[in-house]
Amino acid sequence: MAHQFNRTILREYDVRGIVGQTLHPEDAYALGRSYAALAVSEGATRVAVGRDGRTHSPEMEAALVRGLTEGGLDVVRIGMGPSPMLYFAVATLNVEGGIQVTGSHNPADYNGFKLLLNGRSVFGAEIQDLGRRAAAGDWSNGQGKVEEADVVDAYVDALVNGFDGQAYRIGWDAGNGAAGPILEQLVQRLPGEHHTLYTEVDGRFPNHHPDPTVEANLADLKKLVEDKQLDFGIAFDGDADRIGAVDAKGRVIWGDQLLIILAAPVLKELPGATIIADVKASQTLFDRIAEMGGQPLMWKTGHSLIKSKMKETGAPLAGEMSGHIFFKHQWYGFDDALYAAVRLIRAVSASGKSLTDLKDEMPVSVATPELRFQVDEARKFAVIGEVAERLAAEGAEVNATDGVRVKTADGWWLLRASNTQDVLVARAEARDQAGLDRLMETINAQLEKSGIAPVLSDH
């Protein structure tokens, strides 16, 4: 019964593809069988399964569950909800793993699977191994049982447990993603006045694309905050593991800026704790963590990689530029935008200032968005190696955690290979535009030396 996956769907952090093109229900079934074989080999017997609000998620989930049970696993179906609700189920139910059927923040025709097993994310080489297992038909056999569990109330209870924040007037945008129904329950439990947008789950995403890291997708939230003169606004991606926020003036609070705000109360309680952020984060963040008495740690981009590093270091908090925020402090260590939103309200309250004040206090810098350069897959990592060699020869100050991150008198610049696409990703930040221009010239010169045209395309 061997099965060959389209190789493009076995990605670094999850399995994801375009439904009807690279991803079909047969793939969901085969993934279920392959995951079951891996799980059974590790002594697992029960796993939880959830799904997002995409039109094809029920069909994908049904095929997945069939594969899991025929592979010998019992399945607890928790129904539709955000990815962190599945993570919560795995943390609190009597199960050894879990799978969320989700296309995350991708367009409506995408779907995929986020995998957990025995306290870890299944990613990287392990995902490639699932592909090899399927191709070889190296599957376990059994007749697992299926049951259903409703974890919604327990999840919402947990989100507001220990809430010590003030009452604010807040706008929320669920982007027609899976967070909508949970958000409607959450705001009932929070003090203050809440205005919600697009909480009706619609897998076609009729209002805007559900990715709050792209500023254009925050236009409706900004308008809501402005029209109703709210204190701030919060937005989620399609499966609610990414958060976006705007202040009362409609200015975006980026992922690394959110982390500065969220870290303050954590470091007050846990002085000297390690706070992790990815290599795309502002130097300001790492400096502020140190000033607040924390140990800043720069790590590789990617939610699975960050989660692994948190386990290893015992960090109570981590975050990525892409809006993944991970709380181990008073939470379970997974990326949960709904919980991060609650903690943001609490952190702003604890600061004694408004979110707008906190944004005003952030040092002024000019930064590029993520710049993407198309590159041949075979050259992707080689180019980074060539750049690293040239920089070493020049005696530059380089951090090689993930690609190259270079500090100069003007600021810093980053060049890394994407784990999920055939692109190199660049980013730069300086105190002023002239400095940023110099940094960009350096990046372009390095790319040209490796034969890559410096065509700057914003995503």
# chains A, B, ... in the order shown; residues from 1 in each chain; ligands from 1
$ residues_around --residues "Ser365 of chain A" --least-positions-apart "6" --cutoff "8 Å" --atoms "only C-alpha atoms" --output "PyMOL selection string"
chain A and resi 429-432
$ residues_around --residues "segment 35-44 of chain A" --least-positions-apart "6" --cutoff "8 Å" --atoms "only C-alpha atoms" --output "MDAnalysis selection string"
chainID A and resid 67:69 71:73 96:97 117:118 130 138:140
$ select_by_dssp --residues "segment 300-357 of chain A" --states "helix (DSSP H, G or I)" --output "number ranges by chain"
A: 303-313, 337-351, 355-357
$ write_last_selection --atoms "N, CA and C atoms" --output "mmCIF file, in the first residue's frame"
data_model
loop_
_atom_site.group_PDB
_atom_site.id
_atom_site.type_symbol
_atom_site.label_atom_id
_atom_site.label_comp_id
_atom_site.auth_asym_id
_atom_site.auth_seq_id
_atom_site.Cartn_x
_atom_site.Cartn_y
_atom_site.Cartn_z
ATOM 1 N N HIS A 303 8.939 27.890 14.088
ATOM 2 C CA HIS A 303 8.295 27.631 15.381
ATOM 3 C C HIS A 303 8.753 26.323 16.015
ATOM 4 N N SER A 304 9.005 25.293 15.195
ATOM 5 C CA SER A 304 9.457 24.006 15.747
ATOM 6 C C SER A 304 10.848 24.135 16.356
ATOM 7 N N LEU A 305 11.710 24.906 15.683
ATOM 8 C CA LEU A 305 13.089 25.083 16.144
ATOM 9 C C LEU A 305 13.116 25.878 17.444
ATOM 10 N N ILE A 306 12.277 26.906 17.509
ATOM 11 C CA ILE A 306 12.204 27.736 18.723
ATOM 12 C C ILE A 306 11.683 26.906 19.902
ATOM 13 N N LYS A 307 10.645 26.093 19.657
ATOM 14 C CA LYS A 307 10.102 25.259 20.742
ATOM 15 C C LYS A 307 11.158 24.310 21.291
ATOM 16 N N SER A 308 11.942 23.710 20.396
ATOM 17 C CA SER A 308 13.005 22.796 20.828
ATOM 18 C C SER A 308 14.032 23.534 21.692
ATOM 19 N N LYS A 309 14.402 24.749 21.260
ATOM 20 C CA LYS A 309 15.404 25.531 21.989
ATOM 21 C C LYS A 309 14.871 25.949 23.363
ATOM 22 N N MET A 310 13.569 26.250 23.449
ATOM 23 C CA MET A 310 12.974 26.605 24.749
ATOM 24 C C MET A 310 13.097 25.448 25.733
ATOM 25 N N LYS A 311 12.797 24.246 25.228
ATOM 26 C CA LYS A 311 12.909 23.052 26.086
ATOM 27 C C LYS A 311 14.330 22.917 26.616
ATOM 28 N N GLU A 312 15.279 23.073 25.694
ATOM 29 C CA GLU A 312 16.690 22.871 26.028
ATOM 30 C C GLU A 312 17.180 23.901 27.058
ATOM 31 N N THR A 313 16.718 25.148 26.937
ATOM 32 C CA THR A 313 17.240 26.224 27.792
ATOM 33 C C THR A 313 16.353 26.534 28.994
ATOM 34 N N ALA A 337 -1.664 32.495 19.900
ATOM 35 C CA ALA A 337 -1.920 33.928 19.742
ATOM 36 C C ALA A 337 -3.052 34.407 20.645
ATOM 37 N N LEU A 338 -4.005 33.545 20.950
ATOM 38 C CA LEU A 338 -5.088 33.938 21.858
ATOM 39 C C LEU A 338 -4.533 34.174 23.264
ATOM 40 N N TYR A 339 -3.662 33.253 23.695
ATOM 41 C CA TYR A 339 -3.051 33.428 25.014
ATOM 42 C C TYR A 339 -2.109 34.636 25.014
ATOM 43 N N ALA A 340 -1.365 34.826 23.932
ATOM 44 C CA ALA A 340 -0.467 35.984 23.841
ATOM 45 C C ALA A 340 -1.264 37.282 23.922
ATOM 46 N N ALA A 341 -2.473 37.285 23.348
ATOM 47 C CA ALA A 341 -3.335 38.470 23.403
ATOM 48 C C ALA A 341 -3.732 38.778 24.843
ATOM 49 N N VAL A 342 -4.096 37.726 25.581
ATOM 50 C CA VAL A 342 -4.476 37.899 26.988
ATOM 51 C C VAL A 342 -3.271 38.423 27.780
ATOM 52 N N ARG A 343 -2.090 37.871 27.510
ATOM 53 C CA ARG A 343 -0.882 38.305 28.211
ATOM 54 C C ARG A 343 -0.497 39.733 27.827
ATOM 55 N N LEU A 344 -0.822 40.130 26.591
ATOM 56 C CA LEU A 344 -0.544 41.511 26.179
ATOM 57 C C LEU A 344 -1.395 42.478 27.004
ATOM 58 N N ILE A 345 -2.663 42.148 27.180
ATOM 59 C CA ILE A 345 -3.544 42.996 27.997
ATOM 60 C C ILE A 345 -2.975 43.089 29.419
ATOM 61 N N ARG A 346 -2.535 41.947 29.946
ATOM 62 C CA ARG A 346 -1.987 41.918 31.301
ATOM 63 C C ARG A 346 -0.683 42.713 31.389
ATOM 64 N N ALA A 347 0.167 42.596 30.365
ATOM 65 C CA ALA A 347 1.462 43.288 30.381
ATOM 66 C C ALA A 347 1.292 44.805 30.260
ATOM 67 N N VAL A 348 0.356 45.229 29.403
ATOM 68 C CA VAL A 348 0.095 46.664 29.271
ATOM 69 C C VAL A 348 -0.434 47.198 30.606
ATOM 70 N N SER A 349 -1.325 46.436 31.247
ATOM 71 C CA SER A 349 -1.852 46.832 32.563
ATOM 72 C C SER A 349 -0.725 46.980 33.573
ATOM 73 N N ALA A 350 0.158 45.996 33.614
ATOM 74 C CA ALA A 350 1.254 45.984 34.590
ATOM 75 C C ALA A 350 2.229 47.135 34.374
ATOM 76 N N SER A 351 2.322 47.613 33.126
ATOM 77 C CA SER A 351 3.283 48.679 32.811
ATOM 78 C C SER A 351 2.823 50.032 33.347
ATOM 79 N N LEU A 355 -0.670 51.163 25.524
ATOM 80 C CA LEU A 355 0.107 50.499 24.477
ATOM 81 C C LEU A 355 0.729 51.556 23.555
ATOM 82 N N THR A 356 0.006 52.652 23.372
ATOM 83 C CA THR A 356 0.517 53.752 22.541
ATOM 84 C C THR A 356 1.771 54.362 23.163
ATOM 85 N N ASP A 357 1.753 54.560 24.496
ATOM 86 C CA ASP A 357 2.952 55.056 25.199
ATOM 87 C C ASP A 357 4.120 54.090 24.993
#
$ closest_residue --among "A:Val387, A:Leu221, A:Ala158, A:Leu297" --to "Trp331 of chain A" --atoms "only C-alpha atoms"
A:Ala158
$ residues_around --residues "Ala277 of chain A" --least-positions-apart "2" --cutoff "10 Å" --atoms "only C-alpha atoms" --output "JSON, numbers by chain"
{"A": [255, 256, 259, 274, 275, 279, 280, 281, 282, 285, 286, 296, 297, 298, 299, 300, 301, 306, 317, 318, 319, 320, 321, 324, 325]}
$ atom_distance --atom1 "atom CA of Tyr29 of chain A" --atom2 "atom CA of Leu64 of chain A"
4.6 Å
$ closest_residue --among "A:Gly203, A:Pro369, A:Gly314, A:Gly144" --to "Glu70 of chain A" --atoms "only C-alpha atoms"
A:Gly144
$ closest_residue --among "A:Leu391, A:Leu218, A:Val201, A:Ala445" --to "Glu184 of chain A" --atoms "only C-alpha atoms"
A:Val201
$ atom_distance --atom1 "atom CA of Ala2 of chain A" --atom2 "atom CA of Ala134 of chain A"
5.6 Å
$ select_by_dssp --residues "segment 86-267 of chain A" --states "strand (DSSP E)" --output "number ranges by chain"
A: 97-101, 110-117, 120-121, 146-148, 168-173, 192-197, 232-236, 243-247, 252-253
$ write_last_selection --atoms "C-alpha atoms" --output "PDB file, in the first residue's frame"
ATOM      1  CA  GLY A  97       0.404  13.276  20.482  1.00  0.00           C
ATOM      2  CA  GLY A  98      -1.786  15.263  18.161  1.00  0.00           C
ATOM      3  CA  ILE A  99      -2.328  16.517  14.629  1.00  0.00           C
ATOM      4  CA  GLN A 100      -3.982  19.746  13.525  1.00  0.00           C
ATOM      5  CA  VAL A 101      -5.366  19.858   9.989  1.00  0.00           C
ATOM      6  CA  TYR A 110      -3.882  25.385   0.835  1.00  0.00           C
ATOM      7  CA  ASN A 111      -4.163  22.846   3.614  1.00  0.00           C
ATOM      8  CA  GLY A 112      -1.786  20.797   5.695  1.00  0.00           C
ATOM      9  CA  PHE A 113      -0.903  19.194   9.019  1.00  0.00           C
ATOM     10  CA  LYS A 114       0.971  20.263  12.144  1.00  0.00           C
ATOM     11  CA  LEU A 115       2.272  17.229  14.037  1.00  0.00           C
ATOM     12  CA  LEU A 116       3.104  16.635  17.704  1.00  0.00           C
ATOM     13  CA  LEU A 117       4.314  13.457  19.370  1.00  0.00           C
ATOM     14  CA  ARG A 120       7.802  17.490  20.752  1.00  0.00           C
ATOM     15  CA  SER A 121       7.005  18.946  17.348  1.00  0.00           C
ATOM     16  CA  VAL A 146     -12.487   7.140  17.592  1.00  0.00           C
ATOM     17  CA  GLU A 147     -14.050   9.305  20.293  1.00  0.00           C
ATOM     18  CA  GLU A 148     -14.889  12.971  20.527  1.00  0.00           C
ATOM     19  CA  TYR A 168      -9.632  48.296  27.976  1.00  0.00           C
ATOM     20  CA  ARG A 169     -11.558  49.078  24.829  1.00  0.00           C
ATOM     21  CA  ILE A 170     -10.171  46.637  22.287  1.00  0.00           C
ATOM     22  CA  GLY A 171     -10.774  45.792  18.630  1.00  0.00           C
ATOM     23  CA  TRP A 172     -10.233  42.213  17.433  1.00  0.00           C
ATOM     24  CA  ASP A 173      -9.937  40.718  13.944  1.00  0.00           C
ATOM     25  CA  GLY A 192     -13.714  46.139  29.166  1.00  0.00           C
ATOM     26  CA  GLU A 193     -15.413  46.785  25.847  1.00  0.00           C
ATOM     27  CA  HIS A 194     -14.705  44.558  22.868  1.00  0.00           C
ATOM     28  CA  HIS A 195     -15.435  44.969  19.181  1.00  0.00           C
ATOM     29  CA  THR A 196     -14.868  41.936  16.972  1.00  0.00           C
ATOM     30  CA  LEU A 197     -14.430  41.606  13.211  1.00  0.00           C
ATOM     31  CA  PHE A 232      -5.669  49.060  20.701  1.00  0.00           C
ATOM     32  CA  GLY A 233      -6.412  46.246  18.264  1.00  0.00           C
ATOM     33  CA  ILE A 234      -5.394  42.588  18.015  1.00  0.00           C
ATOM     34  CA  ALA A 235      -5.474  40.269  14.975  1.00  0.00           C
ATOM     35  CA  PHE A 236      -4.885  36.557  14.379  1.00  0.00           C
ATOM     36  CA  ILE A 243      -0.646  37.505  16.593  1.00  0.00           C
ATOM     37  CA  GLY A 244      -0.644  41.025  15.174  1.00  0.00           C
ATOM     38  CA  ALA A 245      -1.380  44.247  17.072  1.00  0.00           C
ATOM     39  CA  VAL A 246      -1.915  47.953  16.483  1.00  0.00           C
ATOM     40  CA  ASP A 247      -1.939  50.829  18.969  1.00  0.00           C
ATOM     41  CA  VAL A 252       1.672  48.202  14.028  1.00  0.00           C
ATOM     42  CA  ILE A 253       3.425  46.716  17.050  1.00  0.00           C
TER      43      ILE A 253
END
$ residues_around --residues "Gly403 of chain A" --least-positions-apart "3" --cutoff "8 Å" --atoms "only C-alpha atoms" --output "compact mmCIF listing (two decimals) with N, CA and C atoms, in the first residue's frame"
# COMPACT_ATOMS: atom_id res chain seq x y z
N ILE A 384 24.75 31.20 1.00
CA ILE A 384 24.97 31.65 2.38
C ILE A 384 26.40 31.31 2.81
N ALA A 400 26.24 33.50 13.14
CA ALA A 400 25.90 32.49 12.12
C ALA A 400 24.86 31.49 12.61
N LEU A 414 20.76 40.91 7.70
CA LEU A 414 20.63 39.46 7.79
C LEU A 414 20.41 38.88 6.39
N LEU A 415 21.03 37.75 6.14
CA LEU A 415 20.74 36.99 4.92
C LEU A 415 20.66 35.53 5.34
N ARG A 416 19.51 34.90 5.07
CA ARG A 416 19.36 33.49 5.43
C ARG A 416 18.57 32.76 4.35
N ALA A 417 18.70 31.46 4.31
CA ALA A 417 17.95 30.65 3.36
C ALA A 417 16.61 30.28 4.00
